[in-house]
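Undergrad: PDB, C-alpha atoms, pLDDT in the B column, saved as coords-v7.pdb, coming up:
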```
MODEL        1
ATOM      1  CA  MET A1461       0.000   0.000   0.000  1.00 53.00           C
ATOM      2  CA  THR A1462       1.143   3.508  -0.724  1.00 75.00           C
ATOM      3  CA  ASP A1463       2.494   5.533   2.186  1.00 90.00           C
ATOM      4  CA  LEU A1464      -0.123   8.297   2.084  1.00 92.00           C
ATOM      5  CA  LYS A1465       1.540  10.377   4.803  1.00 92.00           C
ATOM      6  CA  LYS A1466       4.793  10.465   2.827  1.00 93.00           C
ATOM      7  CA  LEU A1467       2.901  11.308  -0.359  1.00 91.00           C
ATOM      8  CA  ARG A1468       0.993  14.094   1.444  1.00 93.00           C
ATOM      9  CA  ASP A1469       4.279  15.506   2.792  1.00 93.00           C
ATOM     10  CA  LEU A1470       5.817  15.447  -0.691  1.00 91.00           C
ATOM     11  CA  ALA A1471       2.774  17.220  -2.144  1.00 91.00           C
ATOM     12  CA  ALA A1472       2.919  19.873   0.589  1.00 92.00           C
ATOM     13  CA  LYS A1473       6.621  20.522  -0.074  1.00 91.00           C
ATOM     14  CA  ALA A1474       6.270  20.689  -3.866  1.00 87.00           C
ATOM     15  CA  THR A1475       5.822  24.061  -5.512  1.00 83.00           C
ATOM     16  CA  GLN A1476       2.121  24.855  -5.556  1.00 87.00           C
ATOM     17  CA  GLY A1477       0.497  26.202  -8.696  1.00 86.00           C
ATOM     18  CA  ARG A1478      -1.070  25.239 -12.017  1.00 85.00           C
ATOM     19  CA  TRP A1479       0.796  22.534 -13.942  1.00 87.00           C
ATOM     20  CA  GLU A1480       0.325  22.410 -17.712  1.00 87.00           C
ATOM     21  CA  ILE A1481       1.631  20.622 -20.785  1.00 87.00           C
ATOM     22  CA  LYS A1482       3.083  22.734 -23.565  1.00 85.00           C
ATOM     23  CA  ILE A1483       4.390  21.398 -26.856  1.00 84.00           C
ATOM     24  CA  SER A1484       7.371  23.238 -28.295  1.00 83.00           C
ATOM     25  CA  ALA A1485       7.744  24.074 -31.970  1.00 84.00           C
ATOM     26  CA  ALA A1486      10.161  21.131 -32.155  1.00 81.00           C
ATOM     27  CA  GLY A1487       7.475  18.782 -30.800  1.00 79.00           C
ATOM     28  CA  GLN A1488       8.944  18.423 -27.323  1.00 81.00           C
ATOM     29  CA  TYR A1489       6.428  17.903 -24.541  1.00 84.00           C
ATOM     30  CA  ARG A1490       7.158  20.147 -21.575  1.00 84.00           C
ATOM     31  CA  ILE A1491       5.474  20.478 -18.221  1.00 85.00           C
ATOM     32  CA  TRP A1492       5.287  24.029 -16.973  1.00 84.00           C
ATOM     33  CA  LEU A1493       4.440  25.194 -13.480  1.00 85.00           C
ATOM     34  CA  TYR A1494       2.697  28.524 -13.113  1.00 83.00           C
ATOM     35  CA  ALA A1495       3.335  29.837  -9.620  1.00 78.00           C
ATOM     36  CA  LYS A1496       5.014  33.131  -8.636  1.00 72.00           C
ATOM     37  CA  SER A1497       7.179  32.581 -11.690  1.00 71.00           C
ATOM     38  CA  ILE A1498       6.927  30.210 -14.628  1.00 75.00           C
ATOM     39  CA  ILE A1499       9.085  27.114 -14.218  1.00 76.00           C
ATOM     40  CA  ARG A1500       9.704  24.348 -16.736  1.00 74.00           C
ATOM     41  CA  LEU A1501       9.537  21.185 -14.644  1.00 74.00           C
ATOM     42  CA  CYS A1502      10.511  18.595 -17.226  1.00 76.00           C
ATOM     43  CA  GLN A1503      10.728  17.860 -20.910  1.00 77.00           C
ATOM     44  CA  PHE A1504      10.040  14.711 -22.942  1.00 72.00           C
ATOM     45  CA  ASN A1505      12.021  14.363 -26.172  1.00 69.00           C
ATOM     46  CA  THR A1506      12.102  10.835 -27.509  1.00 62.00           C
ATOM     47  CA  GLN A1507       9.940   8.832 -25.153  1.00 67.00           C
ATOM     48  CA  ILE A1508       7.397   6.688 -26.990  1.00 75.00           C
ATOM     49  CA  ASN A1509       4.437   7.544 -24.732  1.00 77.00           C
ATOM     50  CA  ARG A1510       5.516  11.117 -24.019  1.00 79.00           C
ATOM     51  CA  HIS A1511       2.130  12.795 -24.526  1.00 79.00           C
ATOM     52  CA  ASN A1512       0.312  10.479 -22.089  1.00 83.00           C
ATOM     53  CA  ASP A1513       3.179  10.581 -19.581  1.00 82.00           C
ATOM     54  CA  ALA A1514       3.320  14.372 -19.698  1.00 84.00           C
ATOM     55  CA  ALA A1515      -0.481  14.602 -19.291  1.00 85.00           C
ATOM     56  CA  TYR A1516      -0.349  12.285 -16.288  1.00 86.00           C
ATOM     57  CA  ILE A1517       2.442  14.214 -14.563  1.00 86.00           C
ATOM     58  CA  ALA A1518       0.718  17.544 -15.191  1.00 86.00           C
ATOM     59  CA  ALA A1519      -2.559  16.184 -13.794  1.00 89.00           C
ATOM     60  CA  ALA A1520      -0.850  14.911 -10.624  1.00 90.00           C
ATOM     61  CA  ASP A1521      -0.103  18.363  -9.259  1.00 90.00           C
ATOM     62  CA  PRO A1522       0.220  18.821  -5.463  1.00 92.00           C
ATOM     63  CA  ALA A1523      -3.349  20.100  -5.007  1.00 92.00           C
ATOM     64  CA  THR A1524      -4.804  17.110  -6.871  1.00 93.00           C
ATOM     65  CA  VAL A1525      -2.687  14.612  -4.944  1.00 94.00           C
ATOM     66  CA  THR A1526      -3.691  16.225  -1.635  1.00 95.00           C
ATOM     67  CA  GLU A1527      -7.374  16.134  -2.634  1.00 95.00           C
ATOM     68  CA  LEU A1528      -7.117  12.440  -3.530  1.00 95.00           C
ATOM     69  CA  ILE A1529      -5.460  11.661  -0.183  1.00 95.00           C
ATOM     70  CA  ASP A1530      -8.179  13.620   1.657  1.00 96.00           C
ATOM     71  CA  THR A1531     -10.803  11.539  -0.172  1.00 96.00           C
ATOM     72  CA  ILE A1532      -9.024   8.299   0.734  1.00 95.00           C
ATOM     73  CA  ASP A1533      -8.816   9.404   4.385  1.00 95.00           C
ATOM     74  CA  ALA A1534     -12.535  10.298   4.481  1.00 95.00           C
ATOM     75  CA  LEU A1535     -13.528   6.998   2.858  1.00 95.00           C
ATOM     76  CA  THR A1536     -11.298   5.068   5.267  1.00 94.00           C
ATOM     77  CA  ARG A1537     -12.942   6.774   8.260  1.00 94.00           C
ATOM     78  CA  GLU A1538     -16.400   6.013   6.844  1.00 94.00           C
ATOM     79  CA  ARG A1539     -15.446   2.367   6.204  1.00 93.00           C
ATOM     80  CA  ASP A1540     -14.161   2.009   9.771  1.00 92.00           C
ATOM     81  CA  LYS A1541     -17.357   3.564  11.170  1.00 90.00           C
ATOM     82  CA  LEU A1542     -19.519   1.229   9.085  1.00 88.00           C
ATOM     83  CA  ALA A1543     -17.458  -1.774  10.188  1.00 88.00           C
ATOM     84  CA  ILE A1544     -18.084  -0.876  13.848  1.00 86.00           C
ATOM     85  CA  GLU A1545     -21.806  -0.424  13.183  1.00 81.00           C
ATOM     86  CA  ALA A1546     -21.955  -3.750  11.310  1.00 82.00           C
ATOM     87  CA  LYS A1547     -20.245  -5.509  14.213  1.00 84.00           C
ATOM     88  CA  ALA A1548     -22.723  -3.934  16.638  1.00 78.00           C
ATOM     89  CA  GLY A1549     -25.580  -5.061  14.407  1.00 75.00           C
ATOM     90  CA  ARG A1550     -24.267  -8.638  14.298  1.00 76.00           C
ATOM     91  CA  SER A1551     -23.859  -8.650  18.081  1.00 77.00           C
ATOM     92  CA  LEU A1552     -27.390  -7.330  18.502  1.00 72.00           C
ATOM     93  CA  ALA A1553     -28.775  -9.964  16.150  1.00 71.00           C
ATOM     94  CA  GLU A1554     -26.983 -12.719  18.059  1.00 74.00           C
ATOM     95  CA  PHE A1555     -28.341 -11.352  21.350  1.00 73.00           C
ATOM     96  CA  ILE A1556     -31.905 -11.233  20.003  1.00 70.00           C
ATOM     97  CA  VAL A1557     -31.719 -14.804  18.720  1.00 69.00           C
ATOM     98  CA  CYS A1558     -30.329 -16.090  22.032  1.00 71.00           C
ATOM     99  CA  GLU A1559     -32.692 -14.153  24.299  1.00 68.00           C
ATOM    100  CA  CYS A1560     -35.871 -14.868  22.398  1.00 68.00           C
ATOM    101  CA  ASP A1561     -35.259 -18.618  22.416  1.00 69.00           C
ATOM    102  CA  GLY A1562     -37.602 -19.436  19.546  1.00 70.00           C
ATOM    103  CA  ASP A1563     -40.445 -17.073  20.474  1.00 73.00           C
ATOM    104  CA  GLU A1564     -40.964 -15.416  17.100  1.00 76.00           C
ATOM    105  CA  GLU A1565     -43.378 -12.745  18.350  1.00 77.00           C
ATOM    106  CA  VAL A1566     -40.953 -11.574  21.046  1.00 72.00           C
ATOM    107  CA  ARG A1567     -38.038 -11.794  18.627  1.00 71.00           C
ATOM    108  CA  ASP A1568     -39.850  -9.631  16.066  1.00 76.00           C
ATOM    109  CA  ARG A1569     -40.807  -6.956  18.637  1.00 76.00           C
ATOM    110  CA  VAL A1570     -37.332  -6.835  20.180  1.00 73.00           C
ATOM    111  CA  SER A1571     -35.679  -6.853  16.778  1.00 72.00           C
ATOM    112  CA  SER A1572     -37.868  -4.021  15.488  1.00 76.00           C
ATOM    113  CA  ALA A1573     -37.190  -1.886  18.568  1.00 74.00           C
ATOM    114  CA  ALA A1574     -33.456  -2.587  18.452  1.00 71.00           C
ATOM    115  CA  TRP A1575     -33.108  -1.725  14.769  1.00 71.00           C
ATOM    116  CA  SER A1576     -35.081   1.489  15.324  1.00 74.00           C
ATOM    117  CA  LEU A1577     -32.520   2.477  17.939  1.00 68.00           C
ATOM    118  CA  LEU A1578     -29.619   1.607  15.654  1.00 67.00           C
ATOM    119  CA  LYS A1579     -31.040   3.699  12.805  1.00 69.00           C
ATOM    120  CA  GLN A1580     -31.240   6.845  14.949  1.00 66.00           C
ATOM    121  CA  PRO A1581     -28.404   9.325  14.397  1.00 64.00           C
ATOM    122  CA  HIS A1582     -25.686   9.081  17.002  1.00 58.00           C
ATOM    123  CA  ASP A1583     -25.351  12.132  19.270  1.00 53.00           C
ATOM    124  CA  THR A1584     -21.646  12.762  19.618  1.00 49.00           C
ATOM    125  CA  SER A1585     -22.029  16.166  21.242  1.00 47.00           C
ATOM    126  CA  THR A1586     -20.962  16.766  24.806  1.00 47.00           C
ATOM    127  CA  LYS A1587     -24.266  18.009  26.199  1.00 50.00           C
ATOM    128  CA  GLY A1588     -24.204  18.749  29.866  1.00 50.00           C
ATOM    129  CA  SER A1589     -20.410  18.828  30.149  1.00 46.00           C
ATOM    130  CA  THR A1590     -18.621  21.962  31.205  1.00 43.00           C
TER     131      THR A1590
ENDMDL
END
```
Could you show the structure in this file as structure tokens?

TA:
Amino acid sequence: MTDLKKLRDLAAKATQGRWEIKISAAGQYRIWLYAKSIIRLCQFNTQINRHNDAAYIAAADPATVTELIDTIDALTRERDKLAIEAKAGRSLAEFIVCECDGDEEVRDRVSSAAWSLLKQPHDTSTKGST
């Protein structure tokens, strides 16, 4: 797996600005960085796939990389939250099955009430604390 912290640090340290591809009159693909000054980052002369490589490098500017990492972090947090909720749901289901001991009417009422509680939004505020 990619070391996202290292990648984030590299993106933060890179020169921020708009990265673009420019093709010279001689057909050389160049990546330019438009920040406080214009900087030519690299040039592709004879590489077979130079247009696609240059487009990829220009698209992977620091802001884009940081945004992708932020999205990965948010999705990871959401996945972890859902995993905890799924585990709680499995535990609740096991409890209901054990406690109701074959009484379907009781199981259905308890199950319905329990799932209603699980579906309610969680209050993570600190009400009442000073």

Undergrad: Near A:Ala1520, within 9 Å and counting all atoms listed in the file, which residues show up once chain neighbours fewer than 5 positions away are dropped, as a VMD selection string?

TA: chain A and resid 1479 1515 1525

Undergrad: Name all residues at most 12 Å from A:Lys1466 (count all atoms listed in the file; drop same-chain ones fewer than 4 positions away) and give them as a ChimeraX atom specification.

TA: /A:1461-1462,1470-1473,1525-1526,1529

Undergrad: For A:Ala1486, which of A:Ser1551, A:Thr1536, A:Gln1503, A:Asn1509 is the closest residue, counting only C-alpha atoms?

TA: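 Counting only C-alpha atoms, the residue closest to A:Ala1486 is A:Gln1503.
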
Undergrad: To verify the selection step, state as a PyMOL selection string which residues the PyMOL selection byres ((chain A and resi 1496) around 12) yields on this input.

TA: chain A and resi 1475-1478+1493-1495+1497-1499

Undergrad: Report the distance between atom CA of A:Arg1490 and atom CA of A:Ile1508 in Å, rounded to one decimal place.

TA: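 Value for the atom CA of A:Arg1490-atom CA of A:Ile1508 distance: 14.5 Å.
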
Undergrad: Enter the distance from atom CA of A:Ser1572 to atom CA of A:Gly1549, in Å, rounded to one decimal.

TA: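 Spanning atom CA of A:Ser1572 to atom CA of A:Gly1549 is a straight-line distance of 12.4 Å.
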